[in-house]
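Engineer: Structure file final02.cif (mmCIF, C-alpha atoms) right here:
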data_entry
loop_
_atom_site.label_atom_id
_atom_site.label_comp_id
_atom_site.auth_asym_id
_atom_site.auth_seq_id
_atom_site.Cartn_x
_atom_site.Cartn_y
_atom_site.Cartn_z
CA MET A 20 -96.25 154.33 44.86
CA ASP A 21 -95.17 152.64 48.08
CA ASP A 22 -94.77 155.26 50.83
CA GLN A 23 -92.13 153.24 52.70
CA LYS A 24 -90.05 152.85 49.55
CA ALA A 25 -90.36 156.57 48.77
CA ARG A 26 -89.27 157.50 52.27
CA ILE A 27 -86.22 155.19 52.16
CA ALA A 28 -85.27 156.47 48.69
CA ARG A 29 -85.63 160.09 49.81
CA GLN A 30 -83.41 159.49 52.86
CA PHE A 31 -80.88 157.67 50.64
CA ILE A 32 -80.63 160.56 48.17
CA GLU A 33 -80.51 163.19 50.89
CA ALA A 34 -77.69 161.27 52.67
CA ILE A 35 -75.40 161.72 49.62
CA PRO A 36 -73.20 164.72 50.53
CA HIS A 37 -72.85 165.99 46.95
CA SER A 38 -76.58 165.75 46.25
CA ARG A 39 -77.28 167.54 49.52
CA ALA A 40 -74.75 170.27 48.66
CA LEU A 41 -76.68 170.85 45.43
CA GLY A 42 -80.03 170.89 47.28
CA MET A 43 -81.46 167.90 45.39
CA ARG A 44 -84.91 166.71 46.40
CA LEU A 45 -86.47 163.41 45.36
CA VAL A 46 -90.00 164.07 44.14
CA GLU A 47 -90.98 160.73 42.62
CA ILE A 48 -89.81 157.14 42.82
CA GLY A 49 -91.36 154.20 40.96
CA GLU A 50 -90.40 150.81 39.54
CA GLY A 51 -87.15 151.76 37.82
CA THR A 52 -88.09 155.44 37.53
CA ALA A 53 -87.18 158.50 39.57
CA ALA A 54 -87.61 162.27 39.47
CA ILE A 55 -85.34 164.69 41.32
CA GLU A 56 -85.47 168.49 41.51
CA MET A 57 -82.69 171.01 42.02
CA ALA A 58 -83.54 174.62 42.92
CA TYR A 59 -81.84 177.54 41.15
CA ASP A 60 -78.78 178.77 43.05
CA PRO A 61 -76.38 181.56 41.93
CA ARG A 62 -73.43 179.43 43.13
CA PHE A 63 -74.23 176.84 40.43
CA VAL A 64 -74.04 179.36 37.57
CA GLY A 65 -71.70 178.59 34.66
CA ASP A 66 -71.77 181.97 32.94
CA PRO A 67 -72.62 185.10 34.96
CA GLN A 68 -73.32 187.04 31.74
CA THR A 69 -76.42 184.87 31.26
CA GLY A 70 -77.04 183.49 34.77
CA VAL A 71 -77.46 180.01 33.29
CA ILE A 72 -76.71 176.98 35.52
CA HIS A 73 -73.43 175.18 34.69
CA GLY A 74 -73.73 171.94 32.70
CA GLY A 75 -71.77 170.21 35.47
CA ALA A 76 -74.57 170.79 37.97
CA VAL A 77 -77.07 169.38 35.46
CA SER A 78 -74.71 166.37 35.04
CA ALA A 79 -74.73 165.78 38.80
CA LEU A 80 -78.54 165.94 38.82
CA MET A 81 -78.85 163.51 35.86
CA ASP A 82 -76.30 161.13 37.40
CA THR A 83 -78.04 161.06 40.80
CA CYS A 84 -81.44 160.62 39.17
CA GLY A 85 -80.12 157.80 36.94
CA GLY A 86 -78.67 156.03 39.97
CA ALA A 87 -81.97 156.41 41.85
CA ALA A 88 -83.87 154.91 38.89
CA VAL A 89 -81.52 151.90 38.90
CA MET A 90 -81.87 151.43 42.67
CA SER A 91 -85.67 151.56 42.42
CA HIS A 92 -85.80 148.81 39.77
CA PRO A 93 -87.88 145.79 40.90
CA ARG A 94 -84.78 143.57 40.72
CA ALA A 95 -83.41 145.61 43.64
CA PRO A 96 -79.67 145.82 42.99
CA GLY A 97 -77.44 146.03 46.06
CA GLY A 98 -75.72 149.11 44.68
CA THR A 99 -74.82 150.92 41.49
CA ALA A 100 -72.11 153.11 39.98
CA THR A 101 -72.04 155.04 36.73
CA ILE A 102 -70.11 153.39 33.88
CA ASP A 103 -70.75 156.17 31.40
CA LEU A 104 -73.11 159.07 30.94
CA ARG A 105 -73.71 161.19 27.87
CA ILE A 106 -75.57 164.46 28.16
CA ASP A 107 -76.98 166.50 25.29
CA TYR A 108 -77.63 170.14 26.15
CA MET A 109 -80.58 171.24 24.06
CA ARG A 110 -81.10 174.74 25.41
CA PRO A 111 -80.00 176.86 28.38
CA ALA A 112 -82.17 176.42 31.48
CA THR A 113 -84.06 179.63 32.30
CA PRO A 114 -82.29 181.45 35.18
CA GLY A 115 -84.30 181.43 38.41
CA GLN A 116 -86.23 178.26 37.61
CA LYS A 117 -85.71 174.87 39.26
CA ILE A 118 -84.54 171.94 37.13
CA ARG A 119 -86.30 168.59 37.31
CA ALA A 120 -84.66 165.40 36.02
CA THR A 121 -86.72 162.30 35.27
CA ALA A 122 -84.86 159.03 34.71
CA THR A 123 -85.97 155.58 33.57
CA CYS A 124 -84.00 152.38 33.90
CA TYR A 125 -85.37 150.82 30.70
CA HIS A 126 -83.32 147.63 30.75
CA MET A 127 -81.39 145.68 33.34
CA THR A 128 -79.16 142.63 32.95
CA ARG A 129 -77.42 140.78 35.80
CA THR A 130 -74.50 143.20 35.51
CA VAL A 131 -75.57 146.35 33.67
CA ALA A 132 -78.47 148.81 33.91
CA PHE A 133 -79.38 151.06 30.97
CA VAL A 134 -80.83 154.48 31.73
CA ARG A 135 -82.43 157.38 29.88
CA ALA A 136 -83.10 160.72 31.50
CA VAL A 137 -84.49 164.11 30.59
CA ALA A 138 -84.25 167.47 32.37
CA THR A 139 -86.76 170.31 32.17
CA ASP A 140 -87.31 173.71 33.75
CA ASP A 141 -90.79 175.28 34.15
CA ASP A 142 -91.39 174.93 30.39
CA THR A 143 -91.80 171.15 30.51
CA ASP A 144 -92.56 170.86 26.77
CA ARG A 145 -89.04 171.91 25.80
CA PRO A 146 -86.40 169.77 27.56
CA VAL A 147 -83.21 171.47 28.72
CA ALA A 148 -81.06 168.34 28.47
CA ALA A 149 -81.25 164.62 27.75
CA ALA A 150 -78.96 161.86 28.96
CA THR A 151 -78.24 158.20 28.32
CA GLY A 152 -76.04 156.10 30.53
CA ALA A 153 -74.94 152.66 31.62
CA PHE A 154 -74.68 151.82 35.32
CA THR A 155 -73.21 148.82 37.16
CA VAL A 156 -75.51 146.38 38.97
CA GLU A 157 -73.94 145.31 42.25
CA PRO A 158 -75.21 142.06 43.78
CA ALA A 159 -77.75 142.52 46.58
CA ARG A 160 -76.31 141.92 50.03
CA GLU A 161 -77.71 138.90 51.88
CA THR A 162 -77.07 140.42 55.28
CA ALA A 163 -76.34 143.89 56.55
CA PRO A 164 -72.62 144.78 56.44
CA MET B 10 -32.25 197.80 12.98
CA SER B 11 -32.27 196.64 16.58
CA ARG B 12 -34.48 194.02 18.11
CA PRO B 13 -36.81 195.30 20.87
CA ALA B 14 -35.75 194.28 24.38
CA PRO B 15 -37.58 191.15 25.56
CA GLU B 16 -40.35 191.77 28.09
CA PRO B 17 -39.34 191.25 31.72
CA VAL B 18 -40.40 187.77 32.85
CA GLN B 19 -42.54 189.17 35.68
CA VAL B 20 -44.55 191.24 33.21
CA VAL B 21 -45.18 188.18 31.04
CA LYS B 22 -46.19 186.00 33.99
CA GLU B 23 -48.42 188.64 35.50
CA ARG B 24 -50.26 189.17 32.21
CA ARG B 25 -50.89 185.45 31.73
CA ASP B 26 -51.87 184.77 35.34
CA LYS B 27 -54.26 187.74 35.35
CA ALA B 28 -55.95 186.54 32.17
CA LEU B 29 -56.28 182.98 33.49
CA GLY B 30 -57.56 184.27 36.83
CA ALA B 31 -60.22 186.39 35.11
CA LEU B 32 -61.29 183.43 32.96
CA VAL B 33 -61.69 181.04 35.92
CA ALA B 34 -63.33 183.72 38.09
CA ALA B 35 -66.00 184.02 35.42
CA ILE B 36 -67.32 180.54 36.33
CA PRO B 37 -69.07 180.62 39.75
CA TYR B 38 -69.61 176.83 39.71
CA ALA B 39 -65.82 176.27 39.49
CA ALA B 40 -65.38 178.20 42.75
CA PHE B 41 -68.28 176.34 44.37
CA LEU B 42 -66.60 172.99 43.63
CA GLY B 43 -63.12 174.22 44.59
CA ILE B 44 -61.53 174.06 41.13
CA HIS B 45 -58.40 176.08 40.40
CA PHE B 46 -55.70 176.00 37.72
CA ASP B 47 -51.95 175.61 37.58
CA ARG B 48 -50.21 177.13 34.54
CA ARG B 49 -46.87 176.23 32.92
CA GLY B 50 -46.50 178.41 29.83
CA ASP B 51 -49.78 177.83 28.01
CA GLU B 52 -50.29 174.36 29.57
CA LEU B 53 -53.05 174.17 32.17
CA THR B 54 -53.67 171.60 34.88
CA ALA B 55 -56.99 171.78 36.68
CA MET B 56 -57.10 170.89 40.36
CA LEU B 57 -60.11 169.83 42.38
CA ASP B 58 -59.43 170.16 46.11
CA PHE B 59 -61.08 167.39 48.06
CA ASP B 60 -64.08 168.41 50.11
CA GLU B 61 -66.72 166.37 51.92
CA LYS B 62 -69.45 167.89 49.73
CA LEU B 63 -67.98 166.13 46.64
CA ILE B 64 -68.74 162.67 48.06
CA GLY B 65 -71.33 160.56 46.23
CA ASN B 66 -70.98 157.28 48.09
CA PRO B 67 -70.37 157.80 51.81
CA LEU B 68 -69.85 154.04 52.41
CA LEU B 69 -66.81 153.55 50.14
CA PRO B 70 -66.26 156.60 50.26
CA ALA B 71 -66.07 157.79 46.65
CA LEU B 72 -66.42 161.07 44.74
CA HIS B 73 -69.83 161.70 43.17
CA GLY B 74 -69.89 161.00 39.43
CA GLY B 75 -71.54 164.39 38.99
CA ALA B 76 -68.66 166.15 40.73
CA THR B 77 -66.17 164.34 38.51
CA ALA B 78 -68.24 165.17 35.39
CA ALA B 79 -68.43 168.84 36.35
CA PHE B 80 -64.67 168.93 37.02
CA LEU B 81 -64.01 167.51 33.54
CA GLU B 82 -66.48 169.90 31.88
CA VAL B 83 -65.04 172.98 33.63
CA THR B 84 -61.53 171.86 32.58
CA ALA B 85 -62.65 171.50 28.95
CA ILE B 86 -64.38 174.90 28.85
CA VAL B 87 -61.44 176.71 30.49
CA GLU B 88 -59.00 175.03 28.07
CA LEU B 89 -61.06 176.24 25.09
CA GLY B 90 -61.46 179.73 26.55
CA TRP B 91 -57.77 179.87 27.43
CA ALA B 92 -56.64 178.91 23.90
CA ARG B 93 -58.56 181.91 22.51
CA LEU B 94 -57.57 184.26 25.29
CA TRP B 95 -53.88 183.39 24.97
CA GLY B 96 -53.72 184.67 21.40
CA ALA B 97 -55.59 187.85 22.32
CA ILE B 98 -53.41 188.78 25.30
CA GLU B 99 -50.08 187.82 23.70
CA THR B 100 -50.71 189.95 20.62
CA GLY B 101 -52.05 192.80 22.74
CA ALA B 102 -55.53 192.62 21.20
CA LEU B 103 -56.87 192.36 24.77
CA ASP B 104 -55.45 194.01 27.88
CA ALA B 105 -55.16 191.20 30.46
CA GLY B 106 -55.07 193.73 33.31
CA ALA B 107 -58.43 195.18 32.33
CA LEU B 108 -60.34 191.91 31.90
CA THR B 109 -63.55 191.66 33.91
CA PRO B 110 -66.39 189.12 33.70
CA GLU B 111 -68.12 191.70 31.45
CA THR B 112 -65.22 192.28 29.04
CA LEU B 113 -64.02 188.67 28.79
CA PRO B 114 -64.73 186.91 25.49
CA ARG B 115 -67.90 184.81 25.79
CA LEU B 116 -67.40 181.23 26.98
CA PRO B 117 -68.07 178.27 24.66
CA LYS B 118 -71.38 176.44 25.17
CA THR B 119 -71.49 172.69 25.72
CA ILE B 120 -73.38 170.82 22.98
CA ASP B 121 -72.82 167.36 24.44
CA PHE B 122 -70.51 165.76 26.97
CA THR B 123 -69.76 162.05 27.47
CA VAL B 124 -68.00 160.82 30.58
CA ASP B 125 -66.42 157.37 31.06
CA TYR B 126 -65.92 156.46 34.68
CA LEU B 127 -62.77 154.35 34.81
CA ARG B 128 -62.08 154.05 38.53
CA SER B 129 -63.77 155.07 41.71
CA GLY B 130 -62.72 158.61 42.71
CA LEU B 131 -61.02 158.52 46.09
CA PRO B 132 -61.58 161.12 48.82
CA ARG B 133 -58.54 163.19 47.88
CA ASP B 134 -57.47 165.90 45.39
CA ALA B 135 -57.95 165.27 41.68
CA TYR B 136 -56.23 166.73 38.62
CA ALA B 137 -57.28 167.08 34.99
CA ARG B 138 -55.91 168.15 31.65
CA ALA B 139 -57.81 168.83 28.46
CA ARG B 140 -56.71 168.65 24.85
CA VAL B 141 -58.53 170.48 22.08
CA THR B 142 -58.73 167.79 19.39
CA ARG B 143 -60.51 170.01 16.88
CA SER B 144 -60.81 173.74 16.99
CA GLY B 145 -63.21 175.24 14.48
CA ARG B 146 -64.82 178.61 14.01
CA ARG B 147 -68.21 177.28 15.16
CA TYR B 148 -67.57 173.84 16.71
CA SER B 149 -64.77 172.42 18.80
CA SER B 150 -64.03 168.95 20.20
CA VAL B 151 -62.19 168.42 23.45
CA HIS B 152 -60.82 165.34 25.19
CA VAL B 153 -60.19 165.56 28.93
CA GLU B 154 -58.76 163.18 31.49
CA ALA B 155 -58.77 163.26 35.31
CA TRP B 156 -56.50 161.40 37.69
CA GLN B 157 -55.56 161.37 41.36
CA ASP B 158 -52.44 159.63 42.68
CA ASN B 159 -51.14 158.17 39.40
CA ARG B 160 -51.17 159.99 36.10
CA ASP B 161 -51.30 156.57 34.37
CA ARG B 162 -54.43 155.51 36.23
CA PRO B 163 -57.11 158.02 35.20
CA ILE B 164 -60.35 158.01 37.24
CA ALA B 165 -62.39 159.36 34.34
CA GLN B 166 -62.14 160.62 30.78
CA ALA B 167 -64.57 162.60 28.68
CA THR B 168 -65.12 163.98 25.22
CA GLY B 169 -67.29 166.95 24.52
CA HIS B 170 -68.45 169.13 21.66
CA PHE B 171 -68.75 172.86 22.12
CA LEU B 172 -70.37 175.72 20.25
CA MET B 173 -67.88 178.55 19.95
CA PRO B 174 -69.03 182.09 20.71
CA ASP B 175 -69.63 184.48 17.81
CA GLY B 176 -67.57 187.52 16.95
CA ASP B 177 -63.99 188.35 17.75
CA GLY B 178 -63.88 186.61 21.16
#
Could you take the file, read its structure, and then write that structure out as structure tokens?
Structural biologist:
Amino acid sequence: MDDQKARIARQFIEAIPHSRALGMRLVEIGEGTAAIEMAYDPRFVGDPQTGVIHGGAVSALMDTCGGAAVMSHPRAPGGTATIDLRIDYMRPATPGQKIRATATCYHMTRTVAFVRAVATDDDTDRPVAAATGAFTVEPARETAP
Amino acid sequence: MSRPAPEPVQVVKERRDKALGALVAAIPYAAFLGIHFDRRGDELTAMLDFDEKLIGNPLLPALHGGATAAFLEVTAIVELGWARLWGAIETGALDAGALTPETLPRLPKTIDFTVDYLRSGLPRDAYARARVTRSGRRYSSVHVEAWQDNRDRPIAQATGHFLMPDGDG
């Protein structure tokens, strides 16, 4: 993994106000792949009777991670936005544990990027959630804006 | 045989607002995002107050897709919870004044949730309404739509499936 690329990607993710508000941290970036972690926080809970993180926070993590995977693709799109995202919630995340999303941009056309992602807690053999989505591919800018 | 006097309007409103308040207060993430609800009879409108922390693209600027998705999902869950709660408080099966996070009926669990992003979310307040398209004993389907300035120009829509809590909730 290219250190320069990882540093730029990390700064990019951490400059997104919503991702920062949720404490997201980029842990891996590759050629069309990314992994982002989100620490457990009582403010993100969906049901205080169980202490389980709200699905919406997991959505935000999956969406950010999917976007990062698209941006890291070798074809280097100029930007991306989510067209659609479907999330399957397989089991509740264990309260107190961080959630890690791993996304892969498995196909890219001139206009659309296709992404798969999975989220796990400490028990990495049993995913918490899975997602599939389509993202836009914005043309790369020739010069800085 | 005489008909019982209708309840004073303030009593009715207070009961319903208390029950709705208890339901929404049971979701910490709704408070974190700044989501609250407006009620007209049994019809709910969710409101997401704009805040800098909801931004996903600082250059445009635009709302984060994850913030929009969470807003839609909270709206869907509250709509489902509200439909059940309404029956319970109106018949007197549950005392709205005594509802606490511990005594509230359990919330439905999301099975899956699919969001279509239709327009970029602008840095301003957003609104959403959900419709329960199928309400079953175990599974429910909900459609939800969010908009900002124009009701006819939604920024996102979603459909989700939910597992309904067991028992008499």
Engineer: So how far away is CA of Asp134 (chain B) from CA of Asp58 (chain B), in Å?
Structural biologist: 4.7 Å
Engineer: Residues of chain B that have any atom at most 9 Å from an atom of chain A: could you tabulate them with the shortest-distance atom pair and the distance in Å to one decimal, using only C-alpha atoms, ordered by chain and increasing number, as JSON lines?
Structural biologist:
{"residue": "B:Ala35", "atom": "CA", "partner": "A:Asp66", "partner_atom": "CA", "distance": 6.6}
{"residue": "B:Ile36", "atom": "CA", "partner": "A:Gly65", "partner_atom": "CA", "distance": 5.1}
{"residue": "B:Pro37", "atom": "CA", "partner": "A:Val64", "partner_atom": "CA", "distance": 5.6}
{"residue": "B:Tyr38", "atom": "CA", "partner": "A:Phe63", "partner_atom": "CA", "distance": 4.7}
{"residue": "B:Ala39", "atom": "CA", "partner": "A:Gly65", "partner_atom": "CA", "distance": 8.0}
{"residue": "B:Ala40", "atom": "CA", "partner": "A:Arg62", "partner_atom": "CA", "distance": 8.2}
{"residue": "B:Phe41", "atom": "CA", "partner": "A:Arg62", "partner_atom": "CA", "distance": 6.1}
{"residue": "B:Glu61", "atom": "CA", "partner": "A:Pro36", "partner_atom": "CA", "distance": 6.8}
{"residue": "B:Lys62", "atom": "CA", "partner": "A:His37", "partner_atom": "CA", "distance": 4.8}
{"residue": "B:Leu63", "atom": "CA", "partner": "A:His37", "partner_atom": "CA", "distance": 4.9}
{"residue": "B:Ile64", "atom": "CA", "partner": "A:His37", "partner_atom": "CA", "distance": 5.4}
{"residue": "B:Gly65", "atom": "CA", "partner": "A:Ile35", "partner_atom": "CA", "distance": 5.4}
{"residue": "B:Asn66", "atom": "CA", "partner": "A:Ile35", "partner_atom": "CA", "distance": 6.4}
{"residue": "B:Pro67", "atom": "CA", "partner": "A:Ile35", "partner_atom": "CA", "distance": 6.7}
{"residue": "B:Leu72", "atom": "CA", "partner": "A:His37", "partner_atom": "CA", "distance": 8.4}
{"residue": "B:His73", "atom": "CA", "partner": "A:His37", "partner_atom": "CA", "distance": 6.5}
{"residue": "B:Gly74", "atom": "CA", "partner": "A:Asp82", "partner_atom": "CA", "distance": 6.7}
{"residue": "B:Gly75", "atom": "CA", "partner": "A:Ala79", "partner_atom": "CA", "distance": 3.5}
{"residue": "B:Ala76", "atom": "CA", "partner": "A:Ala79", "partner_atom": "CA", "distance": 6.4}
{"residue": "B:Thr77", "atom": "CA", "partner": "A:Gly75", "partner_atom": "CA", "distance": 8.7}
{"residue": "B:Ala78", "atom": "CA", "partner": "A:Gly75", "partner_atom": "CA", "distance": 6.2}
{"residue": "B:Ala79", "atom": "CA", "partner": "A:Gly75", "partner_atom": "CA", "distance": 3.7}
{"residue": "B:Phe80", "atom": "CA", "partner": "A:Gly75", "partner_atom": "CA", "distance": 7.4}
{"residue": "B:Leu81", "atom": "CA", "partner": "A:Gly75", "partner_atom": "CA", "distance": 8.4}
{"residue": "B:Glu82", "atom": "CA", "partner": "A:Gly75", "partner_atom": "CA", "distance": 6.4}
{"residue": "B:Val83", "atom": "CA", "partner": "A:Gly75", "partner_atom": "CA", "distance": 7.5}
{"residue": "B:Pro110", "atom": "CA", "partner": "A:Gln68", "partner_atom": "CA", "distance": 7.5}
{"residue": "B:Glu111", "atom": "CA", "partner": "A:Gln68", "partner_atom": "CA", "distance": 7.0}
{"residue": "B:Arg115", "atom": "CA", "partner": "A:Gln68", "partner_atom": "CA", "distance": 8.4}
{"residue": "B:Leu116", "atom": "CA", "partner": "A:Asp66", "partner_atom": "CA", "distance": 7.4}
{"residue": "B:Lys118", "atom": "CA", "partner": "A:Tyr108", "partner_atom": "CA", "distance": 8.9}
{"residue": "B:Thr119", "atom": "CA", "partner": "A:Tyr108", "partner_atom": "CA", "distance": 6.7}
{"residue": "B:Ile120", "atom": "CA", "partner": "A:Tyr108", "partner_atom": "CA", "distance": 5.3}
{"residue": "B:Asp121", "atom": "CA", "partner": "A:Asp107", "partner_atom": "CA", "distance": 4.3}
{"residue": "B:Phe122", "atom": "CA", "partner": "A:Ile106", "partner_atom": "CA", "distance": 5.4}
{"residue": "B:Thr123", "atom": "CA", "partner": "A:Arg105", "partner_atom": "CA", "distance": 4.1}
{"residue": "B:Val124", "atom": "CA", "partner": "A:Leu104", "partner_atom": "CA", "distance": 5.4}
{"residue": "B:Asp125", "atom": "CA", "partner": "A:Asp103", "partner_atom": "CA", "distance": 4.5}
{"residue": "B:Tyr126", "atom": "CA", "partner": "A:Ile102", "partner_atom": "CA", "distance": 5.3}
{"residue": "B:Leu127", "atom": "CA", "partner": "A:Ile102", "partner_atom": "CA", "distance": 7.5}
{"residue": "B:Ser129", "atom": "CA", "partner": "A:Ala100", "partner_atom": "CA", "distance": 8.7}
Engineer: Applying the PyMOL selection byres ((chain B and resi 27) around 10) to the file I just gave you, which residues come out? Please list them as a PDB file with C-alpha atoms, keeping the file's coordinate frame.
Structural biologist:
ATOM      1  CA  LYS B  22     -46.190 186.000  33.990  1.00  0.00           C
ATOM      2  CA  GLU B  23     -48.420 188.640  35.500  1.00  0.00           C
ATOM      3  CA  ARG B  24     -50.260 189.170  32.210  1.00  0.00           C
ATOM      4  CA  ARG B  25     -50.890 185.450  31.730  1.00  0.00           C
ATOM      5  CA  ASP B  26     -51.870 184.770  35.340  1.00  0.00           C
ATOM      6  CA  ALA B  28     -55.950 186.540  32.170  1.00  0.00           C
ATOM      7  CA  LEU B  29     -56.280 182.980  33.490  1.00  0.00           C
ATOM      8  CA  GLY B  30     -57.560 184.270  36.830  1.00  0.00           C
ATOM      9  CA  ALA B  31     -60.220 186.390  35.110  1.00  0.00           C
ATOM     10  CA  LEU B  32     -61.290 183.430  32.960  1.00  0.00           C
ATOM     11  CA  ASP B 104     -55.450 194.010  27.880  1.00  0.00           C
ATOM     12  CA  ALA B 105     -55.160 191.200  30.460  1.00  0.00           C
ATOM     13  CA  GLY B 106     -55.070 193.730  33.310  1.00  0.00           C
ATOM     14  CA  ALA B 107     -58.430 195.180  32.330  1.00  0.00           C
ATOM     15  CA  LEU B 108     -60.340 191.910  31.900  1.00  0.00           C
TER      16      LEU B 108
END
Engineer: I'd like the interatomic distance between CA of His152 (chain B) and CA of Phe59 (chain B), to a tenth of an Å.
Structural biologist: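 Between CA of His152 (chain B) and CA of Phe59 (chain B) the gap works out to 23.0 Å.
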Engineer: Fewer than 5 positions away in the same chain doesn't count, so skip those; otherwise give me all residues within 10 Å of region 48-59 of chain A, counting all atoms listed in the file, as a tab-separated table (two decimals) with C-alpha atoms, keeping the file's coordinate frame.
Structural biologist:
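Listing of selection01.tsv after writing:
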chain	number	residue	atom	x	y	z
A	20	MET	CA	-96.25	154.33	44.86
A	21	ASP	CA	-95.17	152.64	48.08
A	22	ASP	CA	-94.77	155.26	50.83
A	24	LYS	CA	-90.05	152.85	49.55
A	25	ALA	CA	-90.36	156.57	48.77
A	26	ARG	CA	-89.27	157.50	52.27
A	28	ALA	CA	-85.27	156.47	48.69
A	29	ARG	CA	-85.63	160.09	49.81
A	32	ILE	CA	-80.63	160.56	48.17
A	38	SER	CA	-76.58	165.75	46.25
A	39	ARG	CA	-77.28	167.54	49.52
A	41	LEU	CA	-76.68	170.85	45.43
A	42	GLY	CA	-80.03	170.89	47.28
A	43	MET	CA	-81.46	167.90	45.39
A	64	VAL	CA	-74.04	179.36	37.57
A	70	GLY	CA	-77.04	183.49	34.77
A	71	VAL	CA	-77.46	180.01	33.29
A	72	ILE	CA	-76.71	176.98	35.52
A	76	ALA	CA	-74.57	170.79	37.97
A	77	VAL	CA	-77.07	169.38	35.46
A	80	LEU	CA	-78.54	165.94	38.82
A	81	MET	CA	-78.85	163.51	35.86
A	83	THR	CA	-78.04	161.06	40.80
A	84	CYS	CA	-81.44	160.62	39.17
A	85	GLY	CA	-80.12	157.80	36.94
A	86	GLY	CA	-78.67	156.03	39.97
A	87	ALA	CA	-81.97	156.41	41.85
A	88	ALA	CA	-83.87	154.91	38.89
A	89	VAL	CA	-81.52	151.90	38.90
A	90	MET	CA	-81.87	151.43	42.67
A	91	SER	CA	-85.67	151.56	42.42
A	92	HIS	CA	-85.80	148.81	39.77
A	93	PRO	CA	-87.88	145.79	40.90
A	94	ARG	CA	-84.78	143.57	40.72
A	95	ALA	CA	-83.41	145.61	43.64
A	112	ALA	CA	-82.17	176.42	31.48
A	113	THR	CA	-84.06	179.63	32.30
A	114	PRO	CA	-82.29	181.45	35.18
A	115	GLY	CA	-84.30	181.43	38.41
A	116	GLN	CA	-86.23	178.26	37.61
A	117	LYS	CA	-85.71	174.87	39.26
A	118	ILE	CA	-84.54	171.94	37.13
A	119	ARG	CA	-86.30	168.59	37.31
A	120	ALA	CA	-84.66	165.40	36.02
A	121	THR	CA	-86.72	162.30	35.27
A	122	ALA	CA	-84.86	159.03	34.71
A	123	THR	CA	-85.97	155.58	33.57
A	124	CYS	CA	-84.00	152.38	33.90
A	125	TYR	CA	-85.37	150.82	30.70
A	126	HIS	CA	-83.32	147.63	30.75
A	127	MET	CA	-81.39	145.68	33.34
A	132	ALA	CA	-78.47	148.81	33.91
A	134	VAL	CA	-80.83	154.48	31.73
A	135	ARG	CA	-82.43	157.38	29.88
A	136	ALA	CA	-83.10	160.72	31.50
A	137	VAL	CA	-84.49	164.11	30.59
A	138	ALA	CA	-84.25	167.47	32.37
A	139	THR	CA	-86.76	170.31	32.17
A	140	ASP	CA	-87.31	173.71	33.75
Engineer: Expand the PyMOL selection byres ((chain B and resi 117) around 10) into the individual residues it matches in the shown file, reporting them as a list in words.
Structural biologist: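 Answer for the PyMOL selection byres ((chain B and resi 117) around 10): Asp66 of chain A; Ala85, Ile86, Val87, Leu89, Gly90, Pro114, Arg115, Leu116, Lys118, Thr119, Ile120, Arg147, Tyr148, Ser149, His170, Phe171, Leu172, Met173, Pro174, Asp175 and Gly178 of chain B.
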Engineer: Skip Asp51 (chain B) itself and residues of its chain fewer than 5 positions away, then list as a ChimeraX atom specification all residues within 9 Å of it, counting all atoms listed in the file.
Structural biologist: /B:25,91-92,95
Engineer: May I ask for the distance between CA of Glu154 (chain B) and CA of Arg48 (chain B), given in Å to one decimal place?
Structural biologist: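 CA of Arg48 (chain B) lies 16.6 Å from CA of Glu154 (chain B).
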